[in-house]
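**Student:** Got input.csv for you, CSV, C-alpha atoms and all ligand atoms:
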chain,number,residue,atom,x,y,z
A,1,MET,CA,0.0,0.0,0.0
A,2,PRO,CA,1.4,3.4,-0.9
A,3,ASP,CA,1.7,6.0,1.9
A,4,ARG,CA,-0.9,8.6,1.9
A,5,TYR,CA,-0.4,12.4,1.9
A,6,ALA,CA,-2.7,15.3,0.9
A,7,VAL,CA,-3.2,19.0,1.0
A,8,ILE,CA,-6.1,20.5,2.9
A,9,GLY,CA,-7.7,23.9,2.5
A,10,HIS,CA,-10.8,25.7,1.5
A,11,PRO,CA,-11.1,26.4,-1.4
A,12,ILE,CA,-8.5,23.8,-2.6
A,13,ALA,CA,-9.1,23.2,-6.3
A,14,HIS,CA,-6.5,25.7,-7.4
A,15,SER,CA,-3.7,24.1,-5.4
A,16,LYS,CA,-0.5,23.2,-7.2
A,17,SER,CA,0.7,20.9,-4.4
A,18,PRO,CA,-0.6,17.6,-5.9
A,19,LEU,CA,1.2,18.3,-9.1
A,20,ILE,CA,4.4,19.3,-7.3
A,21,HIS,CA,4.4,16.3,-4.9
A,22,GLY,CA,3.4,13.9,-7.7
A,23,LEU,CA,6.5,15.0,-9.7
A,24,PHE,CA,8.7,14.8,-6.6
A,25,ALA,CA,7.4,11.3,-5.9
A,26,GLN,CA,8.0,10.2,-9.5
A,27,ALA,CA,11.5,11.6,-9.6
A,28,THR,CA,12.6,10.1,-6.3
A,29,GLY,CA,10.8,6.7,-6.7
A,30,GLN,CA,8.7,7.1,-3.6
A,31,ASP,CA,5.6,4.8,-3.2
A,32,MET,CA,3.0,7.4,-2.1
A,33,THR,CA,-0.2,9.1,-3.1
A,34,TYR,CA,-1.0,12.8,-2.7
A,35,ASP,CA,-4.6,14.0,-2.8
A,36,MET,CA,-6.6,17.2,-2.2
A,37,ILE,CA,-9.0,17.6,0.8
A,38,ASP,CA,-11.5,20.4,0.9
A,39,GLY,CA,-12.0,21.1,4.7
A,40,GLY,CA,-15.2,23.1,3.9
A,41,ALA,CA,-16.5,26.3,5.4
A,42,GLU,CA,-18.3,24.7,8.4
A,43,PRO,CA,-16.9,25.1,11.9
A,44,GLY,CA,-15.1,21.8,12.9
A,45,GLY,CA,-14.5,20.8,9.2
A,46,PHE,CA,-10.8,20.9,9.6
A,47,ASP,CA,-10.7,18.8,12.7
A,48,ARG,CA,-13.1,16.2,11.3
A,49,ALA,CA,-11.1,15.9,8.0
A,50,LEU,CA,-7.8,15.6,10.0
A,51,ALA,CA,-9.3,12.8,12.2
A,52,SER,CA,-10.6,10.8,9.3
A,53,PHE,CA,-7.4,11.2,7.3
A,54,ARG,CA,-5.3,9.9,10.3
A,55,THR,CA,-7.8,7.1,10.9
A,56,ALA,CA,-7.4,6.0,7.3
A,57,GLY,CA,-3.6,5.8,7.8
A,58,GLY,CA,-2.6,9.2,6.3
A,59,ARG,CA,1.1,10.0,7.0
A,60,GLY,CA,1.2,13.8,6.4
A,61,LEU,CA,-0.7,16.9,5.3
A,62,ASN,CA,0.1,20.2,3.7
A,63,VAL,CA,-2.1,22.9,5.1
A,64,THR,CA,-3.2,26.0,3.3
A,65,LEU,CA,-5.8,28.8,3.9
A,66,PRO,CA,-7.8,29.1,6.1
A,67,PHE,CA,-6.5,26.2,8.3
A,68,LYS,CA,-2.9,27.0,9.1
A,69,LEU,CA,-3.7,28.3,12.6
A,70,GLN,CA,-6.0,25.3,13.3
A,71,ALA,CA,-3.3,23.0,12.1
A,72,LEU,CA,-0.8,24.4,14.7
A,73,ALA,CA,-3.5,24.1,17.4
A,74,ALA,CA,-4.1,20.5,16.6
A,75,ALA,CA,-0.4,19.6,16.9
A,76,THR,CA,1.2,17.8,19.8
A,77,GLN,CA,4.7,19.1,18.8
A,78,ALA,CA,5.6,22.2,16.8
A,79,SER,CA,8.9,23.6,15.4
A,80,ASP,CA,10.2,27.0,16.4
A,81,ASP,CA,9.3,28.3,12.9
A,82,ALA,CA,5.7,27.2,13.3
A,83,ARG,CA,5.4,28.6,16.8
A,84,LEU,CA,6.8,32.1,15.8
A,85,ALA,CA,4.7,32.0,12.6
A,86,GLY,CA,1.6,31.1,14.8
A,87,ALA,CA,0.7,28.7,11.9
A,88,ALA,CA,1.6,25.4,10.4
A,89,ASN,CA,1.8,24.5,6.7
A,90,ALA,CA,2.8,20.9,7.1
A,91,LEU,CA,1.9,18.1,9.5
A,92,ARG,CA,3.4,14.7,10.1
A,93,PHE,CA,1.6,11.8,11.8
A,94,ASP,CA,3.4,9.2,13.9
A,95,GLY,CA,1.2,7.1,16.1
A,96,GLU,CA,-0.4,9.6,18.6
A,97,ARG,CA,2.0,12.4,17.6
A,98,ILE,CA,1.0,15.2,15.4
A,99,GLU,CA,4.1,17.2,14.5
A,100,ALA,CA,3.7,20.7,13.0
A,101,GLN,CA,6.1,22.6,10.8
A,102,ASN,CA,6.1,25.8,8.8
A,103,PHE,CA,8.3,25.6,5.7
A,104,ASP,CA,7.1,28.8,4.0
A,105,GLY,CA,10.0,31.0,5.3
A,106,ILE,CA,12.5,28.2,4.7
A,107,GLY,CA,11.2,28.0,1.1
A,108,LEU,CA,11.6,31.7,0.7
A,109,VAL,CA,15.2,31.7,1.9
A,110,ARG,CA,16.1,28.7,-0.3
A,111,ASP,CA,14.6,30.4,-3.3
A,112,ILE,CA,16.4,33.7,-2.8
A,113,GLU,CA,19.7,32.1,-2.0
A,114,HIS,CA,19.9,29.0,-4.1
A,115,ASN,CA,17.6,29.7,-7.1
A,116,LEU,CA,18.0,33.5,-7.4
A,117,GLY,CA,21.6,33.5,-6.2
A,118,LEU,CA,21.4,36.3,-3.6
A,119,PRO,CA,23.2,35.4,-0.3
A,120,LEU,CA,21.3,36.9,2.7
A,121,ALA,CA,24.1,37.1,5.2
A,122,GLY,CA,24.8,40.7,6.3
A,123,LYS,CA,21.9,42.1,4.2
A,124,ARG,CA,19.4,44.9,5.0
A,125,VAL,CA,15.9,43.6,4.2
A,126,LEU,CA,12.6,45.4,4.0
A,127,LEU,CA,9.7,43.1,4.7
A,128,LEU,CA,6.3,44.5,3.9
A,129,GLY,CA,3.3,43.5,5.9
A,130,ALA,CA,2.7,42.2,9.5
A,131,GLY,CA,0.4,39.2,8.9
A,132,GLY,CA,0.9,35.5,8.7
A,133,ALA,CA,3.2,35.6,5.7
A,134,THR,CA,5.6,38.0,7.4
A,135,ARG,CA,5.6,36.1,10.7
A,136,GLY,CA,6.6,32.9,8.8
A,137,ALA,CA,9.6,34.6,7.2
A,138,LEU,CA,11.2,36.1,10.3
A,139,LEU,CA,13.1,33.2,11.8
A,140,PRO,CA,14.4,31.8,8.5
A,141,LEU,CA,15.6,35.2,7.4
A,142,ALA,CA,17.4,35.7,10.7
A,143,ARG,CA,18.9,32.3,10.6
A,144,ALA,CA,20.3,33.1,7.1
A,145,GLY,CA,22.2,35.9,8.7
A,146,VAL,CA,20.2,39.0,7.6
A,147,ALA,CA,21.8,41.9,9.5
A,148,ARG,CA,18.8,44.3,9.7
A,149,LEU,CA,15.2,43.5,9.1
A,150,VAL,CA,12.7,46.4,8.8
A,151,LEU,CA,9.0,45.4,9.0
A,152,ALA,CA,6.8,48.0,7.4
A,153,ASN,CA,3.0,47.7,7.5
A,154,ARG,CA,0.0,49.8,6.4
A,155,THR,CA,-1.1,49.6,10.0
A,156,ALA,CA,2.0,50.6,11.9
A,157,ALA,CA,1.1,49.3,15.3
A,158,LYS,CA,1.0,45.7,14.0
A,159,ALA,CA,4.5,45.9,12.7
A,160,THR,CA,5.9,47.5,15.8
A,161,GLY,CA,4.2,44.9,18.0
A,162,LEU,CA,5.5,42.0,15.8
A,163,ALA,CA,9.0,43.4,15.8
A,164,ARG,CA,8.9,43.6,19.6
A,165,GLU,CA,7.6,40.1,19.9
A,166,ALA,CA,10.1,38.6,17.5
A,167,ALA,CA,13.2,40.5,18.6
A,168,PRO,CA,14.2,38.1,21.4
A,169,HIS,CA,14.1,35.1,18.9
A,170,LEU,CA,16.2,36.6,16.1
A,171,GLY,CA,19.7,36.4,17.5
A,172,GLY,CA,22.0,38.9,15.9
A,173,CYS,CA,19.4,40.2,13.4
A,174,VAL,CA,18.3,43.7,14.3
A,175,VAL,CA,14.5,44.0,13.8
A,176,GLU,CA,12.5,47.2,13.7
A,177,GLY,CA,8.8,47.7,12.9
A,178,GLY,CA,6.8,50.7,11.8
A,179,GLY,CA,4.4,52.1,9.2
A,180,LEU,CA,4.9,52.2,5.4
A,181,ALA,CA,4.5,56.0,5.8
A,182,ASP,CA,7.5,56.1,8.2
A,183,LEU,CA,9.9,54.9,5.5
A,184,THR,CA,12.2,57.8,4.5
A,185,ALA,CA,14.6,58.4,1.5
A,186,SER,CA,17.5,57.4,3.7
A,187,ASP,CA,16.1,53.9,4.3
A,188,THR,CA,17.7,51.8,1.6
A,189,PHE,CA,17.7,48.0,1.3
A,190,GLU,CA,19.4,45.3,-0.6
A,191,LEU,CA,16.2,43.2,-0.7
A,192,VAL,CA,12.5,44.2,-0.6
A,193,ILE,CA,10.0,41.4,0.1
A,194,ASN,CA,6.2,41.9,-0.3
A,195,ALA,CA,4.6,39.7,2.3
A,196,THR,CA,1.3,41.6,2.2
A,197,SER,CA,-1.8,40.3,0.5
A,198,SER,CA,-2.0,43.5,-1.7
A,199,SER,CA,-1.1,41.7,-4.9
A,200,LEU,CA,-4.2,39.5,-4.6
A,201,SER,CA,-6.4,42.6,-4.9
A,202,GLY,CA,-4.3,44.1,-7.6
A,203,GLU,CA,-2.8,46.8,-5.3
A,204,ALA,CA,0.7,47.6,-4.1
A,205,PRO,CA,1.9,48.7,-0.7
A,206,ALA,CA,2.8,52.4,-0.7
A,207,VAL,CA,6.6,52.1,-0.7
A,208,PRO,CA,8.8,55.1,-1.6
A,209,ALA,CA,10.9,54.5,-4.7
A,210,SER,CA,14.0,55.2,-2.7
A,211,ALA,CA,13.6,51.9,-0.8
A,212,PHE,CA,14.1,50.0,-4.1
A,213,ALA,CA,16.9,52.1,-5.5
A,214,SER,CA,19.9,50.1,-4.2
A,215,ALA,CA,18.0,46.8,-4.0
A,216,ALA,CA,19.4,43.7,-5.8
A,217,LEU,CA,16.0,42.1,-5.7
A,218,ALA,CA,12.3,42.8,-5.2
A,219,TYR,CA,10.4,39.7,-4.3
A,220,ASP,CA,6.6,39.2,-4.2
A,221,MET,CA,5.5,36.2,-2.3
A,222,VAL,CA,2.4,35.7,-4.6
A,223,TYR,CA,2.9,33.5,-7.7
A,224,GLY,CA,1.2,33.2,-11.1
A,225,LYS,CA,0.1,36.8,-11.1
A,226,GLY,CA,2.7,38.0,-13.5
A,227,LEU,CA,4.2,41.5,-12.9
A,228,THR,CA,2.2,42.6,-9.9
A,229,PRO,CA,1.8,46.3,-9.1
A,230,PHE,CA,4.5,45.9,-6.4
A,231,LEU,CA,6.9,44.4,-8.9
A,232,LYS,CA,6.1,47.1,-11.5
A,233,ALA,CA,6.8,49.7,-8.9
A,234,ALA,CA,10.2,48.1,-8.1
A,235,GLN,CA,11.1,48.0,-11.8
A,236,ALA,CA,10.0,51.7,-12.2
A,237,ALA,CA,12.3,52.5,-9.3
A,238,ARG,CA,15.2,50.8,-11.1
A,239,CYS,CA,15.4,47.8,-8.8
A,240,ALA,CA,18.0,45.4,-10.3
A,241,ARG,CA,15.8,42.3,-10.4
A,242,VAL,CA,12.2,41.2,-9.7
A,243,ALA,CA,10.8,37.7,-8.8
A,244,ASP,CA,7.5,36.2,-7.7
A,245,GLY,CA,6.9,33.5,-5.2
A,246,VAL,CA,6.8,30.4,-7.4
A,247,GLY,CA,10.2,29.3,-6.2
A,248,MET,CA,9.1,29.7,-2.6
A,249,LEU,CA,6.1,27.5,-3.3
A,250,VAL,CA,8.3,24.8,-4.9
A,251,GLU,CA,11.0,25.0,-2.2
A,252,GLN,CA,8.6,24.8,0.7
A,253,ALA,CA,7.1,21.7,-0.9
A,254,ALA,CA,10.6,20.1,-1.3
A,255,GLU,CA,11.2,20.8,2.4
A,256,ALA,CA,8.0,19.1,3.4
A,257,PHE,CA,8.7,16.2,1.1
A,258,ALA,CA,12.1,15.7,2.6
A,259,TRP,CA,10.7,15.9,6.2
A,260,TRP,CA,8.1,13.2,5.3
A,261,ARG,CA,10.2,10.9,3.1
A,262,GLY,CA,13.8,11.5,4.2
A,263,VAL,CA,14.9,12.4,0.6
A,264,ARG,CA,15.1,15.9,-0.8
A,265,PRO,CA,13.9,16.1,-4.4
A,266,ASP,CA,15.7,18.2,-7.0
A,267,THR,CA,13.5,21.3,-7.6
A,268,ARG,CA,14.8,22.6,-10.9
A,269,ASP,CA,12.5,20.7,-13.3
A,270,VAL,CA,9.4,21.4,-11.3
A,271,LEU,CA,10.3,25.1,-10.9
A,272,ALA,CA,10.8,25.4,-14.7
A,273,ARG,CA,7.5,23.8,-15.3
A,274,LEU,CA,5.6,26.1,-12.9
A,275,THR,CA,7.3,29.3,-13.8
A,276,VAL,CA,5.2,31.9,-15.6
A,277,PRO,CA,7.1,34.7,-17.3
A,278,LEU,CA,6.9,38.0,-15.4
A,279,VAL,CA,5.2,40.2,-18.0
B,301,LIG,P1,-1.3,36.8,5.4
B,301,LIG,O1,-1.6,35.6,6.2
B,301,LIG,O2,-1.3,36.6,3.9
B,301,LIG,O3,-0.1,37.6,5.8
B,301,LIG,P2,-3.0,38.6,6.8
B,301,LIG,O4,-2.6,38.1,8.1
B,301,LIG,O5,-4.5,38.9,6.6
B,301,LIG,O6,-2.6,37.7,5.6
B,301,LIG,O7,-2.2,40.0,6.5
B,301,LIG,C1,-2.3,40.7,5.4
B,301,LIG,C2,-1.2,41.8,5.4
B,301,LIG,O8,-1.3,42.5,4.1
B,301,LIG,C3,-1.4,42.8,6.4
B,301,LIG,O9,-0.1,43.2,6.8
B,301,LIG,C4,-2.1,43.9,5.7
B,301,LIG,O10,-1.9,45.2,6.2
B,301,LIG,P3,-2.8,45.7,7.5
B,301,LIG,O11,-2.3,45.1,8.7
B,301,LIG,O12,-2.7,47.2,7.5
B,301,LIG,O13,-4.2,45.3,7.1
B,301,LIG,C5,-1.4,43.8,4.4
B,301,LIG,N1,-2.2,44.4,3.2
B,301,LIG,C6,-3.3,43.9,2.6
B,301,LIG,N2,-3.7,44.7,1.6
B,301,LIG,C7,-2.8,45.7,1.5
B,301,LIG,C8,-2.6,46.8,0.7
B,301,LIG,N3,-3.5,47.1,-0.3
B,301,LIG,N4,-1.6,47.7,0.9
B,301,LIG,C9,-0.8,47.5,1.9
B,301,LIG,N5,-0.9,46.4,2.8
B,301,LIG,C10,-1.9,45.6,2.6
What do you get writing this file as structure tokens?
Ligand code: ATR
**Tutor:**
Amino acid sequence: MPDRYAVIGHPIAHSKSPLIHGLFAQATGQDMTYDMIDGGAEPGGFDRALASFRTAGGRGLNVTLPFKLQALAAATQASDDARLAGAANALRFDGERIEAQNFDGIGLVRDIEHNLGLPLAGKRVLLLGAGGATRGALLPLARAGVARLVLANRTAAKATGLAREAAPHLGGCVVEGGGLADLTASDTFELVINATSSSLSGEAPAVPASAFASAALAYDMVYGKGLTPFLKAAQAARCARVADGVGMLVEQAAEAFAWWRGVRPDTRDVLARLTVPLV
């Protein structure tokens, strides 16, 4: 019997995870299946689906919106990344144990460093937003050696609060939080990351052009949306390079796959297949 895995979310039909994990399984010769589960909109839907998947012998789940918080709450063990993120995007089942991980930030760092070739050690990074996507990126960016992390959010208080909460966990990485409107012309960065959900509504966070001027890369965590208003603003401000989050998606999947199966798949072919030109 092949081992069973799945992705759970609501809605879920758009998910690329079955394709990605199917290709990884094929390439690494793993005997496994990977399905989609719609957890539905009813209260308790996630917990019921989780219980029946485990009863049926399921070995692990990827978790997407809106269940990432519930996935962490259901866990008996959680990684530091999942705890600081306040959310889990991968679960692993072992007898009574439910282990939670959050690979989104690790996927982001791997994409930036390995696929896009930008080492993060010593860099000044502007991270836009103060929601779940930002939270998930904090520890992995700090572990990669980022020197200074500025969290800028439309609602300033959320970014200052998050910076205060995260600071004790980030080692030598200096973290500051504030409003988008507080960014001045003297605030320059080597990397600007959009972790807001603005691109999903066709908007861009109000970032001054000067923030991009000396940046080697502007990175939007969304994927498949082409040149988002954020990426267009970065180009207009003469940012050297722009990228969307397709590599983050593929790399976080590879991390989960390795955690489940003990073998890390090569991501190049899958990434090439999913990449949509940024036009
Ligand atoms: P996620 O889990 O994707 O991070 P979230 O927790 O709802 O989602 O957070 C969304 C983030 O995007 C917030 O930081 C939000 O800013 P506010 O805290 O001010 O609401 C930010 N955001 C969403 N739309 C935005 C826009 N058009 N411009 C700037 N920031 C935006």
**Student:** Counting only C-alpha atoms, which residue out of A:Ala215, A:Leu149, A:Leu170, A:Ala156 sits closest to Leu118 in chain A?
**Tutor:**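 Residue with the minimum atom-to-atom distance to Leu118 in chain A: A:Ala215.
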**Student:** Excluding Val276 in chain A and any residue of its chain fewer than 6 positions from it, enumerate the residues within 12 Å of it, using only C-alpha atoms, and give them as a PyMOL selection string.
**Tutor:** chain A and resi 222-227+243-247
**Student:** Select, from A:Ala133, A:Leu116, A:Leu65, A:Ala25, the residue with the minimum atom-to-atom distance to Pro265 in chain A, counting all atoms listed in the file.
**Tutor:**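 Closest candidate: A:Ala25.
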**Student:** Using CA of Glu176 in chain A and CA of Asn115 in chain A as the two end points, give the distance in Å to one decimal.
**Tutor:**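 So the two atoms, CA of Glu176 in chain A and CA of Asn115 in chain A, lie 27.7 Å apart.
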**Student:** Against ligand LIG 301 (chain B), which residues of chain A fall within 6 Å? For each one I want the closest pair of atoms and the distance in Å (one decimal), counting only C-alpha atoms and all ligand atoms, rows by chain and increasing residue number, as CSV.
**Tutor:**
residue,atom,partner,partner_atom,distance
A:Gly129,CA,B:LIG301,O9,3.5
A:Ala130,CA,B:LIG301,O9,4.0
A:Gly131,CA,B:LIG301,O4,3.3
A:Gly132,CA,B:LIG301,O1,3.5
A:Ala133,CA,B:LIG301,O3,3.9
A:Thr134,CA,B:LIG301,O3,5.9
A:Asn153,CA,B:LIG301,O9,5.5
A:Arg154,CA,B:LIG301,O12,3.9
A:Thr155,CA,B:LIG301,O12,3.8
A:Thr196,CA,B:LIG301,O8,3.3
A:Ser197,CA,B:LIG301,O8,4.2
A:Ser198,CA,B:LIG301,N2,3.9
A:Glu203,CA,B:LIG301,N3,5.1
A:Ala204,CA,B:LIG301,N4,5.5
A:Pro205,CA,B:LIG301,C9,3.9
**Student:** From the set A:Gly40, A:Gly177, A:Gly107, A:Gly29, which residue has the shortest atom-to-atom contact distance to Thr267 in chain A, counting all atoms listed in the file?
**Tutor:**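 Closest candidate: A:Gly107.
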**Student:** My list of candidates is A:Phe189, A:Phe257, A:Phe46, A:Phe230. Which is closest to Ile8 in chain A when distances are computed with only C-alpha atoms?
**Tutor:**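 The answer is A:Phe46, which sits nearest to Ile8 in chain A.
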**Student:** May I have the protein, DNA and RNA residues with any atom at most 9 Å from the point (-0.3, 9.7, 6.9), counting only C-alpha atoms, written as a PDB file with C-alpha atoms, keeping the file's coordinate frame?
**Tutor:**
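Here's the written file out13.pdb:
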ATOM      1  CA  ASP A   3       1.700   6.000   1.900  1.00  0.00           C
ATOM      2  CA  ARG A   4      -0.900   8.600   1.900  1.00  0.00           C
ATOM      3  CA  TYR A   5      -0.400  12.400   1.900  1.00  0.00           C
ATOM      4  CA  ALA A   6      -2.700  15.300   0.900  1.00  0.00           C
ATOM      5  CA  PHE A  53      -7.400  11.200   7.300  1.00  0.00           C
ATOM      6  CA  ARG A  54      -5.300   9.900  10.300  1.00  0.00           C
ATOM      7  CA  THR A  55      -7.800   7.100  10.900  1.00  0.00           C
ATOM      8  CA  ALA A  56      -7.400   6.000   7.300  1.00  0.00           C
ATOM      9  CA  GLY A  57      -3.600   5.800   7.800  1.00  0.00           C
ATOM     10  CA  GLY A  58      -2.600   9.200   6.300  1.00  0.00           C
ATOM     11  CA  ARG A  59       1.100  10.000   7.000  1.00  0.00           C
ATOM     12  CA  GLY A  60       1.200  13.800   6.400  1.00  0.00           C
ATOM     13  CA  LEU A  61      -0.700  16.900   5.300  1.00  0.00           C
ATOM     14  CA  ARG A  92       3.400  14.700  10.100  1.00  0.00           C
ATOM     15  CA  PHE A  93       1.600  11.800  11.800  1.00  0.00           C
ATOM     16  CA  ASP A  94       3.400   9.200  13.900  1.00  0.00           C
TER      17      ASP A  94
END
**Student:** What lies within 9 Å of range 13-17 of chain A using all atoms listed in the file, ignoring chain neighbours under 3 positions off, as a compact mmCIF listing (two decimals) with C-alpha atoms, in the coordinates of the input?
**Tutor:**
# COMPACT_ATOMS: atom_id res chain seq x y z
CA ALA A 6 -2.70 15.30 0.90
CA VAL A 7 -3.20 19.00 1.00
CA GLY A 9 -7.70 23.90 2.50
CA HIS A 10 -10.80 25.70 1.50
CA ILE A 20 4.40 19.30 -7.30
CA HIS A 21 4.40 16.30 -4.90
CA GLY A 22 3.40 13.90 -7.70
CA TYR A 34 -1.00 12.80 -2.70
CA ASP A 35 -4.60 14.00 -2.80
CA MET A 36 -6.60 17.20 -2.20
CA ASP A 38 -11.50 20.40 0.90
CA ASN A 62 0.10 20.20 3.70
CA THR A 64 -3.20 26.00 3.30
CA LEU A 249 6.10 27.50 -3.30
CA VAL A 250 8.30 24.80 -4.90
CA ALA A 253 7.10 21.70 -0.90
CA LEU A 274 5.60 26.10 -12.90
**Student:** Pick the closest to Glu255 in chain A from A:Thr76, A:Thr184, A:Ser214, A:Asn89: which is it, counting all atoms listed in the file?
**Tutor:**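 Nearest candidate to Glu255 in chain A out of A:Thr76, A:Thr184, A:Ser214, A:Asn89: A:Asn89.
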**Student:** How many Å separate CA of Gln101 in chain A from CA of Gln26 in chain A?
**Tutor:**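 Taking CA of Gln101 in chain A as the start and CA of Gln26 in chain A as the end point, the length is 23.9 Å.
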**Student:** How about completing range 112-125 of chain A with N, CA, C and O atoms and giving it to me as a compact mmCIF listing (two decimals), keeping the file's coordinate frame?
**Tutor:**
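Everything below was put into result34.txt:
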# COMPACT_ATOMS: atom_id res chain seq x y z
N ILE A 112 15.54 32.46 -2.59
CA ILE A 112 16.40 33.70 -2.80
C ILE A 112 17.84 33.31 -2.86
O ILE A 112 18.56 33.80 -3.75
N GLU A 113 18.30 32.42 -1.98
CA GLU A 113 19.70 32.10 -2.00
C GLU A 113 20.16 31.15 -3.06
O GLU A 113 21.13 31.41 -3.76
N HIS A 114 19.43 30.06 -3.22
CA HIS A 114 19.90 29.00 -4.10
C HIS A 114 19.39 29.24 -5.57
O HIS A 114 20.15 29.10 -6.52
N ASN A 115 18.11 29.60 -5.74
CA ASN A 115 17.60 29.70 -7.10
C ASN A 115 17.91 31.11 -7.70
O ASN A 115 18.20 31.22 -8.88
N LEU A 116 17.81 32.15 -6.87
CA LEU A 116 18.00 33.50 -7.40
C LEU A 116 19.44 33.99 -7.12
O LEU A 116 19.84 35.06 -7.62
N GLY A 117 20.19 33.24 -6.33
CA GLY A 117 21.60 33.50 -6.20
C GLY A 117 21.96 34.75 -5.36
O GLY A 117 22.99 35.38 -5.60
N LEU A 118 21.10 35.10 -4.40
CA LEU A 118 21.40 36.30 -3.60
C LEU A 118 21.65 35.80 -2.12
O LEU A 118 20.71 35.48 -1.40
N PRO A 119 22.91 35.78 -1.69
CA PRO A 119 23.20 35.40 -0.30
C PRO A 119 22.61 36.43 0.66
O PRO A 119 22.69 37.62 0.40
N LEU A 120 22.04 35.97 1.76
CA LEU A 120 21.30 36.90 2.70
C LEU A 120 22.19 37.39 3.82
O LEU A 120 21.82 38.37 4.48
N ALA A 121 23.30 36.73 4.07
CA ALA A 121 24.10 37.10 5.20
C ALA A 121 24.55 38.57 5.12
O ALA A 121 25.04 39.02 4.08
N GLY A 122 24.32 39.30 6.20
CA GLY A 122 24.80 40.70 6.30
C GLY A 122 23.86 41.70 5.56
O GLY A 122 24.15 42.90 5.55
N LYS A 123 22.76 41.25 4.97
CA LYS A 123 21.90 42.10 4.20
C LYS A 123 20.93 42.95 5.00
O LYS A 123 20.53 42.55 6.09
N ARG A 124 20.54 44.10 4.41
CA ARG A 124 19.40 44.90 5.00
C ARG A 124 18.18 44.56 4.19
O ARG A 124 18.15 44.70 2.96
N VAL A 125 17.15 44.13 4.89
CA VAL A 125 15.90 43.60 4.20
C VAL A 125 14.72 44.39 4.68
O VAL A 125 14.51 44.58 5.88
